[in-house]
>>> print(open('input_22.cif').read())   # mmCIF, C-alpha atoms
data_entry
#
loop_
_atom_site.label_atom_id
_atom_site.label_comp_id
_atom_site.auth_asym_id
_atom_site.auth_seq_id
_atom_site.Cartn_x
_atom_site.Cartn_y
_atom_site.Cartn_z
CA MET A 219 -8.65 9.30 -32.28
CA GLU A 220 -11.88 9.78 -30.37
CA ILE A 221 -12.74 8.46 -26.93
CA GLU A 222 -15.45 6.22 -28.34
CA THR A 223 -12.85 4.57 -30.57
CA LEU A 224 -10.74 3.97 -27.45
CA LYS A 225 -13.69 2.21 -25.88
CA GLU A 226 -13.89 -0.14 -28.84
CA ILE A 227 -10.15 -0.88 -28.65
CA TRP A 228 -10.43 -1.46 -24.91
CA VAL A 229 -13.27 -3.94 -25.28
CA ALA A 230 -11.56 -5.75 -28.15
CA THR A 231 -8.23 -5.92 -26.27
CA ASN A 232 -9.74 -7.36 -23.16
CA GLN A 233 -11.80 -9.92 -25.01
CA GLU A 234 -8.63 -11.25 -26.57
CA GLU A 235 -6.36 -11.08 -23.55
CA CYS A 236 -8.46 -12.05 -20.60
CA GLN A 237 -8.09 -15.77 -20.52
CA ALA A 238 -8.82 -17.38 -17.20
CA SER A 239 -5.78 -18.57 -15.22
CA SER A 240 -5.57 -22.29 -14.62
CA ASP A 241 -7.25 -23.72 -11.53
CA PRO A 242 -4.10 -25.29 -10.03
CA ASP A 243 -2.33 -21.93 -10.32
CA ILE A 244 -5.17 -20.18 -8.51
CA LEU A 245 -5.23 -22.88 -5.80
CA ASN A 246 -1.49 -22.46 -5.29
CA MET A 247 -1.99 -18.73 -4.84
CA LEU A 248 -4.49 -19.38 -2.05
CA HIS A 249 -1.79 -21.09 0.00
CA ALA A 250 0.71 -18.29 -0.54
CA LYS A 251 1.31 -15.59 2.05
CA SER A 252 -0.04 -12.15 1.39
CA GLY A 253 2.69 -9.74 0.30
CA GLY A 254 0.60 -6.67 1.11
CA LEU A 255 1.93 -3.93 3.38
CA ILE A 256 -0.51 -4.62 6.23
CA ALA A 257 0.15 -8.37 6.15
CA ARG A 258 3.90 -7.68 6.32
CA MET A 259 3.40 -5.23 9.19
CA LYS A 260 1.43 -7.89 11.08
CA GLN A 261 4.16 -10.46 10.49
CA ASN A 262 6.85 -8.04 11.67
CA LEU A 263 4.85 -7.19 14.77
CA LEU A 264 4.34 -10.84 15.66
CA PHE A 265 8.04 -11.49 15.13
CA GLU A 266 8.82 -8.52 17.40
CA LEU A 267 6.51 -9.91 20.11
CA ILE A 268 8.06 -13.39 19.93
CA MET A 269 11.57 -11.92 20.11
CA VAL A 270 10.71 -9.74 23.13
CA ILE A 271 9.10 -12.62 25.01
CA VAL A 272 11.96 -15.03 24.28
CA ILE A 273 14.76 -12.56 25.08
CA PHE A 274 13.10 -11.00 28.14
CA SER A 275 12.17 -14.42 29.55
CA GLY A 276 15.76 -15.55 29.09
CA VAL A 277 17.14 -12.47 30.82
CA ALA A 278 14.57 -12.75 33.63
CA PHE A 279 15.46 -16.41 34.14
CA TYR A 280 19.15 -15.47 34.28
CA TYR A 281 18.59 -12.83 36.99
CA PHE A 282 16.37 -15.17 38.99
CA THR A 283 19.02 -17.89 39.09
CA ALA A 284 22.36 -16.01 38.96
CA PHE A 285 23.94 -14.24 41.96
CA SER A 286 21.99 -16.59 44.28
CA GLY A 287 18.79 -14.77 43.36
CA ARG A 288 20.00 -11.48 44.86
CA LEU A 289 19.12 -9.60 41.66
CA SER A 290 15.61 -10.97 41.34
CA GLN A 291 14.25 -7.38 41.20
CA VAL A 292 15.95 -6.98 37.83
CA ALA A 293 14.22 -10.16 36.65
CA TRP A 294 10.85 -8.77 37.78
CA ALA A 295 11.62 -5.52 35.96
CA TYR A 296 12.10 -7.47 32.73
CA ILE A 297 8.85 -9.38 33.28
CA LEU A 298 7.07 -6.06 33.83
CA LEU A 299 8.56 -4.68 30.61
CA ALA A 300 7.47 -7.78 28.68
CA LEU A 301 3.92 -7.29 29.99
CA VAL A 302 3.98 -3.64 28.91
CA PHE A 303 5.12 -4.81 25.48
CA VAL A 304 2.18 -7.26 25.28
CA VAL A 305 -0.22 -4.34 25.88
CA TYR A 306 1.63 -2.33 23.23
CA TYR A 307 1.41 -5.29 20.84
CA TYR A 308 -2.33 -5.61 21.47
CA HIS A 309 -2.95 -1.96 20.55
CA LYS A 310 -0.78 -2.08 17.46
CA ASN A 311 -2.37 -5.31 16.26
CA LYS A 312 -5.85 -3.85 16.83
CA LEU A 313 -4.95 -0.85 14.68
CA LEU A 314 -3.59 -3.12 11.95
CA LYS A 315 -6.78 -5.19 11.96
CA GLU A 316 -8.87 -2.03 11.58
CA MET A 317 -6.59 -0.55 8.94
CA GLN A 318 -8.11 -2.20 5.91
CA CYS A 319 -11.65 -2.76 4.77
CA ILE A 320 -10.95 -4.46 1.49
CA THR A 321 -14.60 -4.81 0.45
CA CYS A 322 -15.51 -1.21 1.29
CA ARG A 323 -15.69 1.60 -1.23
CA VAL A 324 -12.23 2.72 -2.32
CA LYS A 325 -12.61 6.17 -0.78
CA SER A 326 -13.71 4.99 2.66
CA ASN A 327 -11.02 2.32 2.68
CA LEU A 328 -8.39 4.94 1.88
CA GLN A 329 -9.72 7.28 4.56
CA MET A 330 -9.66 4.48 7.12
CA GLN A 331 -6.18 3.39 6.11
CA VAL A 332 -4.70 6.89 6.35
CA LEU A 333 -6.34 7.48 9.75
CA LYS A 334 -5.27 4.17 11.26
CA LEU A 335 -1.78 4.34 9.81
CA GLU A 336 -1.29 7.78 11.35
CA GLN A 337 -2.51 6.45 14.72
CA TYR A 338 -0.17 3.48 14.36
CA ILE A 339 2.78 5.75 13.61
CA ARG A 340 1.93 8.02 16.58
CA LEU A 341 1.73 5.03 18.93
CA TYR A 342 5.05 3.71 17.60
CA LEU A 343 6.69 7.14 18.04
CA VAL A 344 5.36 7.80 21.54
CA ALA A 345 5.93 4.27 22.87
CA GLY A 346 9.34 3.97 21.23
CA THR A 347 10.45 7.27 22.75
CA LEU A 348 8.94 6.77 26.21
CA MET A 349 10.67 3.41 26.46
CA VAL A 350 14.01 5.20 27.06
CA PRO A 351 13.08 7.27 30.17
CA ILE A 352 10.89 4.48 31.58
CA LEU A 353 13.73 1.97 31.33
CA MET A 354 16.28 4.40 32.74
CA ILE A 355 14.04 5.42 35.67
CA LEU A 356 13.23 1.79 36.41
CA PHE A 357 16.87 0.81 36.56
CA PHE A 358 17.73 3.92 38.56
CA VAL A 359 15.12 2.99 41.18
CA LEU A 360 16.40 -0.58 41.27
CA PHE A 361 19.95 0.65 41.72
CA MET A 362 18.90 3.02 44.53
CA VAL A 363 17.03 0.29 46.34
CA ARG A 364 19.95 -2.10 46.20
CA HIS A 365 22.97 0.12 46.78
CA TRP A 366 22.16 3.53 48.24
CA TRP A 367 19.15 3.45 50.42
CA PRO A 368 20.51 0.95 52.94
CA GLY A 369 22.76 3.05 55.18
CA LEU A 370 22.73 6.23 53.10
CA SER A 371 25.07 8.80 54.71
CA GLN A 372 25.26 12.61 54.19
CA MET A 373 28.53 12.22 52.29
CA HIS A 374 26.98 9.67 49.96
CA LEU A 375 24.01 11.97 49.47
CA ASN A 376 26.20 14.90 48.41
CA SER A 377 28.30 12.90 46.00
CA SER A 378 25.32 11.13 44.52
CA LEU A 379 23.43 14.36 43.83
CA PHE A 380 25.79 15.30 41.02
CA SER A 381 25.78 11.84 39.44
CA THR A 382 21.98 11.67 39.72
CA MET A 383 21.62 14.99 37.96
CA ALA A 384 24.05 13.86 35.27
CA TYR A 385 22.12 10.61 34.89
CA PHE A 386 18.83 12.46 34.39
CA LEU A 387 20.40 14.92 31.95
CA ILE A 388 21.71 11.99 29.90
CA MET A 389 18.24 10.47 30.10
CA ILE A 390 16.63 13.64 28.70
CA GLY A 391 19.25 13.86 25.96
CA LEU A 392 18.75 10.23 24.98
CA THR A 393 14.97 10.66 24.97
CA VAL A 394 15.17 13.64 22.62
CA LEU A 395 17.62 11.79 20.39
CA THR A 396 15.38 8.69 20.32
CA TRP A 397 12.40 10.88 19.38
CA TYR A 398 14.21 12.22 16.32
CA ILE A 399 15.65 8.84 15.32
CA ASN A 400 12.20 7.23 15.60
CA LYS A 401 10.64 10.05 13.62
CA TRP A 402 13.20 9.69 10.85
CA TYR A 403 12.83 5.88 10.83
CA LEU A 404 9.02 6.02 10.71
CA ASN A 405 9.16 8.52 7.89
CA PHE A 406 11.59 6.22 6.08
CA LEU A 407 9.28 3.23 6.58
CA TYR A 408 5.86 4.73 5.95
CA GLY A 409 6.35 8.33 4.84
CA ARG A 410 6.12 7.75 1.11
CA HIS A 411 3.27 5.27 1.43
CA ILE A 412 1.15 7.56 3.56
CA LYS A 413 1.87 10.43 1.17
CA ASN A 414 0.70 8.32 -1.79
CA LEU A 415 -2.49 7.29 -0.02
CA LYS A 416 -3.22 10.86 1.04
CA SER A 417 -2.68 12.20 -2.45
CA VAL A 418 -5.15 9.68 -3.94
CA TYR A 419 -7.65 10.49 -1.19
CA GLU A 420 -7.26 14.24 -1.69
CA GLU A 421 -7.70 13.81 -5.42
CA MET A 422 -10.97 11.99 -4.74
CA ASN A 423 -12.24 14.95 -2.74
CA GLU A 424 -10.84 17.58 -5.11
CA ASP A 425 -14.02 18.69 -6.83
CA GLU A 426 -16.43 17.56 -4.12
CA THR A 427 -16.44 20.93 -2.36
CA GLU A 428 -17.01 22.88 -5.56
CA LEU A 429 -20.10 20.87 -6.49
CA MET B 246 -15.56 -31.35 2.29
CA ALA B 247 -17.03 -27.90 2.91
CA GLN B 248 -13.59 -26.45 2.21
CA ASP B 249 -13.48 -28.27 -1.16
CA GLN B 250 -16.90 -26.99 -2.11
CA SER B 251 -15.94 -23.49 -1.13
CA GLN B 252 -12.75 -23.75 -3.21
CA GLN B 253 -14.71 -25.01 -6.21
CA ARG B 254 -17.16 -22.12 -5.95
CA PHE B 255 -14.24 -19.74 -5.61
CA LEU B 256 -12.46 -21.15 -8.67
CA GLN B 257 -15.65 -20.78 -10.68
CA LEU B 258 -16.01 -17.19 -9.54
CA ILE B 259 -12.44 -16.40 -10.55
CA SER B 260 -12.64 -18.12 -13.92
CA GLU B 261 -15.81 -16.20 -14.74
CA ASN B 262 -14.45 -12.85 -13.58
CA SER B 263 -10.70 -13.03 -14.04
CA GLY B 264 -10.97 -10.26 -16.63
CA ILE B 265 -11.65 -7.75 -13.84
CA ILE B 266 -8.47 -8.72 -12.01
CA GLN B 267 -6.37 -8.78 -15.17
CA LYS B 268 -7.50 -5.32 -16.20
CA VAL B 269 -6.63 -3.87 -12.80
CA CYS B 270 -3.24 -5.63 -12.87
CA ARG B 271 -2.54 -4.32 -16.35
CA LEU B 272 -3.24 -0.75 -15.30
CA TYR B 273 -1.47 -0.80 -11.94
CA GLY B 274 1.37 -3.26 -12.51
CA HIS B 275 4.55 -1.76 -13.86
CA SER B 276 6.20 -4.93 -15.14
CA GLY B 277 5.31 -8.54 -15.83
CA GLU B 278 6.53 -9.65 -12.42
CA ASP B 279 4.78 -6.78 -10.73
CA ARG B 280 1.48 -7.64 -12.42
CA GLN B 281 1.88 -11.27 -11.39
CA ASP B 282 2.43 -10.23 -7.75
CA LEU B 283 -0.58 -7.96 -7.84
CA PHE B 284 -2.72 -10.68 -9.42
CA GLN B 285 -1.75 -13.09 -6.63
CA GLU B 286 -2.39 -10.48 -3.95
CA ILE B 287 -5.86 -9.73 -5.34
CA ILE B 288 -6.69 -13.46 -5.47
CA ILE B 289 -5.61 -13.82 -1.80
CA GLN B 290 -7.72 -10.84 -0.76
CA ILE B 291 -10.77 -12.10 -2.65
CA TRP B 292 -10.34 -15.53 -1.07
CA LYS B 293 -10.13 -13.97 2.41
CA ALA B 294 -13.25 -11.89 1.80
CA PHE B 295 -15.11 -14.70 0.01
CA PRO B 296 -16.86 -16.21 3.09
CA GLN B 297 -18.37 -12.80 3.89
CA PHE B 298 -19.73 -12.23 0.40
CA ARG B 299 -23.48 -11.72 0.47
CA SER B 300 -25.37 -11.00 -2.70
CA GLU B 301 -26.33 -7.57 -1.38
CA SER B 302 -24.04 -5.88 -3.89
CA LYS B 303 -23.29 -6.93 -7.46
CA LEU B 304 -20.51 -9.46 -7.73
CA SER B 305 -18.58 -7.30 -10.21
CA THR B 306 -18.87 -4.27 -7.87
CA TRP B 307 -17.56 -6.38 -4.99
CA MET B 308 -14.63 -7.67 -7.08
CA TYR B 309 -13.74 -4.25 -8.46
CA ARG B 310 -13.65 -2.87 -4.92
CA ILE B 311 -11.28 -5.58 -3.72
CA ALA B 312 -9.06 -5.36 -6.79
CA LEU B 313 -8.80 -1.57 -6.71
CA ASN B 314 -8.37 -1.39 -2.94
CA THR B 315 -5.54 -3.91 -3.18
CA ALA B 316 -3.88 -2.15 -6.12
CA ILE B 317 -4.08 1.33 -4.59
CA SER B 318 -3.11 0.22 -1.06
CA ASN B 319 0.01 -1.44 -2.38
CA LEU B 320 1.25 1.49 -4.44
CA ARG B 321 4.30 1.89 -2.23
CA LYS B 322 5.80 -1.44 -3.15
CA ARG B 323 5.87 -0.85 -6.87
CA GLN B 324 8.09 1.68 -8.55
CA ARG B 325 6.61 4.07 -11.01
CA SER B 326 7.81 3.53 -14.53
CA PRO B 327 7.20 5.87 -17.45
CA LYS B 328 7.03 2.98 -19.88
CA ILE B 329 4.08 1.25 -18.27
CA ALA B 330 2.23 0.82 -21.50
CA GLU B 331 5.12 -0.74 -23.33
CA LEU B 332 4.55 -3.94 -21.54
CA ASP B 333 4.66 -7.35 -23.06
CA VAL B 334 1.37 -7.01 -24.87
CA ALA B 335 2.38 -8.75 -28.04
CA PRO B 336 3.52 -12.03 -26.46
CA LEU B 337 0.10 -12.35 -24.85
CA LEU B 338 -1.47 -12.66 -28.25
CA SER B 339 -1.37 -15.68 -30.45
CA ALA B 340 0.04 -15.22 -33.97
CA GLU B 341 -3.36 -15.46 -35.59
CA HIS B 342 -4.67 -12.65 -33.42
CA TYR B 343 -1.72 -10.38 -33.97
CA ASP B 344 -2.71 -7.35 -35.93
CA HIS B 345 -0.23 -4.51 -36.29
CA GLU B 346 -2.73 -1.71 -36.64
CA LYS B 347 -4.77 -2.93 -33.72
CA GLU B 348 -1.59 -3.44 -31.74
CA GLU B 349 -0.51 0.15 -32.39
CA LYS B 350 -3.86 1.48 -31.22
CA ARG B 351 -3.72 -0.74 -28.19
CA GLN B 352 -0.26 0.54 -27.27
CA LEU B 353 -1.48 4.06 -27.78
CA LEU B 354 -4.41 3.54 -25.47
CA TYR B 355 -2.31 2.02 -22.69
CA GLU B 356 0.40 4.64 -23.04
CA ALA B 357 -2.18 7.40 -22.76
CA ILE B 358 -3.75 5.76 -19.69
CA SER B 359 -0.37 5.20 -18.06
CA ARG B 360 0.14 8.98 -17.95
CA LEU B 361 -2.92 9.40 -15.76
CA SER B 362 -2.91 9.45 -11.96
CA GLU B 363 -3.75 6.31 -9.96
CA LEU B 364 -7.31 7.48 -9.34
CA GLU B 365 -7.83 8.55 -12.94
CA LYS B 366 -6.75 5.09 -14.08
CA ALA B 367 -9.47 3.54 -11.94
CA ILE B 368 -12.09 5.96 -13.24
CA VAL B 369 -11.12 5.54 -16.88
CA MET B 370 -11.14 1.76 -16.54
CA LEU B 371 -14.68 1.78 -15.15
CA TYR B 372 -15.73 4.28 -17.81
CA LEU B 373 -14.31 2.16 -20.63
CA GLU B 374 -16.02 -0.86 -19.10
CA GLU B 375 -19.25 1.12 -19.54
CA LYS B 376 -20.14 1.03 -15.87
CA SER B 377 -23.01 3.30 -14.87
CA TYR B 378 -22.26 6.35 -12.72
CA GLU B 379 -24.22 4.68 -9.95
CA GLU B 380 -22.00 1.61 -10.04
CA MET B 381 -18.87 3.73 -10.26
CA GLU B 382 -20.02 5.57 -7.15
CA GLU B 383 -20.65 2.23 -5.43
CA ILE B 384 -17.11 1.10 -6.23
CA LEU B 385 -15.13 4.27 -5.69
CA GLY B 386 -17.24 6.22 -3.21
CA ILE B 387 -17.06 9.41 -5.29
CA SER B 388 -20.32 11.27 -5.90
CA GLN B 389 -21.81 11.04 -9.37
CA GLY B 390 -21.50 14.81 -9.93
CA ASN B 391 -17.82 14.68 -9.06
CA LEU B 392 -17.35 11.64 -11.31
CA ARG B 393 -18.83 13.52 -14.26
CA VAL B 394 -16.40 16.40 -13.72
CA LYS B 395 -13.46 14.04 -13.42
CA ILE B 396 -14.43 11.99 -16.47
CA ASN B 397 -14.63 15.11 -18.64
CA ARG B 398 -11.20 16.14 -17.43
CA ILE B 399 -9.78 12.66 -18.05
CA LYS B 400 -11.23 12.59 -21.58
CA GLU B 401 -9.48 15.87 -22.27
CA LYS B 402 -6.20 14.53 -20.87
CA LEU B 403 -6.48 11.37 -22.94
CA ARG B 404 -7.18 13.38 -26.08
CA LYS B 405 -4.07 15.48 -25.42
CA ASN B 406 -1.95 12.44 -24.59
CA ILE B 407 -3.00 10.64 -27.75
CA HIS B 408 -2.62 13.74 -29.90
CA PHE B 409 0.88 14.27 -28.48
CA GLN B 410 1.83 10.69 -29.32
CA PHE B 411 0.51 11.06 -32.84
CA GLN B 412 2.62 14.16 -33.60
CA PRO B 413 4.82 13.06 -36.50
CA ILE B 414 8.53 13.69 -36.07
CA ALA B 415 9.98 15.31 -39.17
CA SER B 416 12.99 13.58 -40.69
CA PRO B 417 16.19 15.67 -41.35
CA VAL B 418 15.42 15.66 -45.12
CA GLU B 419 11.89 16.93 -44.50
CA LYS B 420 13.28 19.64 -42.22
CA LEU B 421 15.76 20.70 -44.93
CA VAL B 422 13.03 20.88 -47.57
CA THR B 423 10.95 23.04 -45.26
CA VAL B 424 13.89 25.39 -44.65
CA GLU B 425 14.60 25.66 -48.38
CA LYS B 426 10.93 26.36 -49.10
CA ASN B 427 10.92 29.09 -46.50
CA LYS B 428 14.05 30.59 -48.06
CA ASP B 429 12.34 30.70 -51.47
CA ILE B 430 9.39 32.44 -49.93
CA SER B 431 11.59 35.06 -48.31
CA TYR B 432 13.43 35.76 -51.61
CA GLU B 433 10.12 36.39 -53.31
#
>>> encode(input="input_22.cif", output="structure tokens")
Amino acid sequence: MEIETLKEIWVATNQEECQASSDPDILNMLHAKSGGLIARMKQNLLFELIMVIVIFSGVAFYYFTAFSGRLSQVAWAYILLALVFVVYYYHKNKLLKEMQCITCRVKSNLQMQVLKLEQYIRLYLVAGTLMVPILMILFFVLFMVRHWWPGLSQMHLNSSLFSTMAYFLIMIGLTVLTWYINKWYLNFLYGRHIKNLKSVYEEMNEDETEL
Amino acid sequence: MAQDQSQQRFLQLISENSGIIQKVCRLYGHSGEDRQDLFQEIIIQIWKAFPQFRSESKLSTWMYRIALNTAISNLRKRQRSPKIAELDVAPLLSAEHYDHEKEEKRQLLYEAISRLSELEKAIVMLYLEEKSYEEMEEILGISQGNLRVKINRIKEKLRKNIHFQFQPIASPVEKLVTVEKNKDISYE
């Protein structure tokens, strides 16, 4: 069978099959949520933001009111963390907004999507990993301020040196572990997708250099 | 009021061009449900982009871009199936339209296309739709020279795919006859 014959079959097939969908069905679709990857990523991110604000506000409120307000520094630490998360959310959301140009040419849309998705993954990996040492250092400082610095004796200093070193070693270990867990998780979430997009993009460029 | 008018214009646009969306769904959807999801997703994306549509580019070019961008961007969600072409084609046709020979050729065409890569599917669709190289470049962003090279390669692949599918499988009796014939030849 020749290619021209295929063309005839194609035209005939589509003339028969392409009936317009009914208007009410189309209108219903307009009210449905997008099931696309980027839309789902946006929804997840918003959910994450809401959860962080609700939980961190609750914890902050608890530390402001409990223990006669003596642990208010902890509450402020949580507020600070929530603010850092808002900045993180802003950057991630910005990347998601820039990730797709649905009306652009397929090649430029793919290029943009791969680039922005890689930036998104890098931000996720770096922020997700840095969160561990930042949190641990923050709570270490808070602990020092409350318990050790007032009336710190030489004996205390000697005994605390070992525990401080152990604390920081644990912190480094946890940071390295978090890095690998995050890397595995990100690869699990987006690895295949990014590979698919890259392979289509590379195929588009395949013969471009030879021409 | 403005919303209603916009919706009416949108519905008209879709009813006049739903063929574009259906063709993309047929090529990129791997099951009935999958095609339905993709169809809905493309409709949502067109609706979102609709207010920004200016008649600077051809309407069909604009719709092909959205449909293909949506289909290719969502590749992850759908599982690849080797039997893509054996989809429910027949039920789509009314009894009076059903023609076995045509149906066989149709299956053959879709099976051959289903063996192509995601990009090749897009190119072959535009080629079969008799789009000019200029318009194909406008949709895909691939240079016309590169498109020519790729189309020649795809034609060759399709020829091979179709030839492979047409290879008749010999029945056991036919095989036996062939063996016996060969024996006779060797005795001579």
>>> closest_atom_pairs(input="input_22.cif", of="chain A", to="chain B", cutoff="6 Å", atoms="all atoms listed in the file", output="CSV")
residue,atom,partner,partner_atom,distance
A:Lys225,CA,B:Leu373,CA,5.3
A:Cys236,CA,B:Gly264,CA,5.0
A:Ala238,CA,B:Ser260,CA,5.1
A:Met247,CA,B:Gln285,CA,5.9
A:Leu248,CA,B:Ile289,CA,5.7
A:Ile320,CA,B:Ile311,CA,5.3
A:Thr321,CA,B:Ile311,CA,5.4
A:Arg323,CA,B:Ile384,CA,5.2
A:Val324,CA,B:Leu385,CA,4.7
A:Lys325,CA,B:Gly386,CA,5.2
A:His411,CA,B:Arg321,CA,5.1
A:Asp425,CA,B:Asn391,CA,6.0
A:Glu426,CA,B:Asn391,CA,5.9
>>> closest_residue(input="input_22.cif", among="B:Ser251, B:Ser300, B:Ser305, B:Ser276", to="Lys376 of chain B", atoms="all atoms listed in the file")
B:Ser305
>>> resolve_selection(input="input_22.cif", expression="the PyMOL selection byres ((chain A and resi 338) around 10)", output="list in words")
His309, Lys310, Asn311, Lys312, Leu313, Leu314, Met317, Val332, Leu333, Lys334, Leu335, Glu336, Gln337, Ile339, Arg340, Leu341, Tyr342 and Leu343 of chain A
>>> residues_near_point(input="input_22.cif", point="(9.7, -11.3, 26.1)", cutoff="9 Å", atoms="all atoms listed in the file", output="list of chain:residue names")
A:Leu267, A:Ile268, A:Met269, A:Val270, A:Ile271, A:Val272, A:Ile273, A:Phe274, A:Ser275, A:Gly276, A:Val277, A:Tyr296, A:Ile297, A:Leu299, A:Ala300, A:Leu301, A:Phe303, A:Val304
>>> atom_distance(input="input_22.cif", atom1="atom CA of Leu407 of chain A", atom2="atom CA of Glu316 of chain A")
19.5 Å
>>> residues_near_point(input="input_22.cif", point="(7.2, -2.2, 10.3)", cutoff="10 Å", atoms="all atoms listed in the file", output="list in words")
Leu255, Ile256, Arg258, Met259, Lys260, Gln261, Asn262, Leu263, Glu266, Ile339, Tyr342, Tyr403, Leu404, Leu407 and Tyr408 of chain A
>>> atom_distance(input="input_22.cif", atom1="atom CA of Trp294 of chain A", atom2="atom CA of Leu360 of chain A")
10.5 Å
>>> atom_distance(input="input_22.cif", atom1="atom CA of Trp397 of chain A", atom2="atom CA of Leu353 of chain A")
15.0 Å
>>> closest_residue(input="input_22.cif", among="B:Glu379, B:Lys402, B:Asn397, B:Ile368", to="Glu421 of chain A", atoms="only C-alpha atoms")
B:Ile368
>>> axis_aligned_box(input="input_22.cif", around="segment 288-298 of chain B", padding_each_side="8 Å", output="AutoDock Vina command-line options")
--center_x -12.7 --center_y -13.5 --center_z -0.8 --size_x 30.1 --size_y 21.4 --size_z 25.4
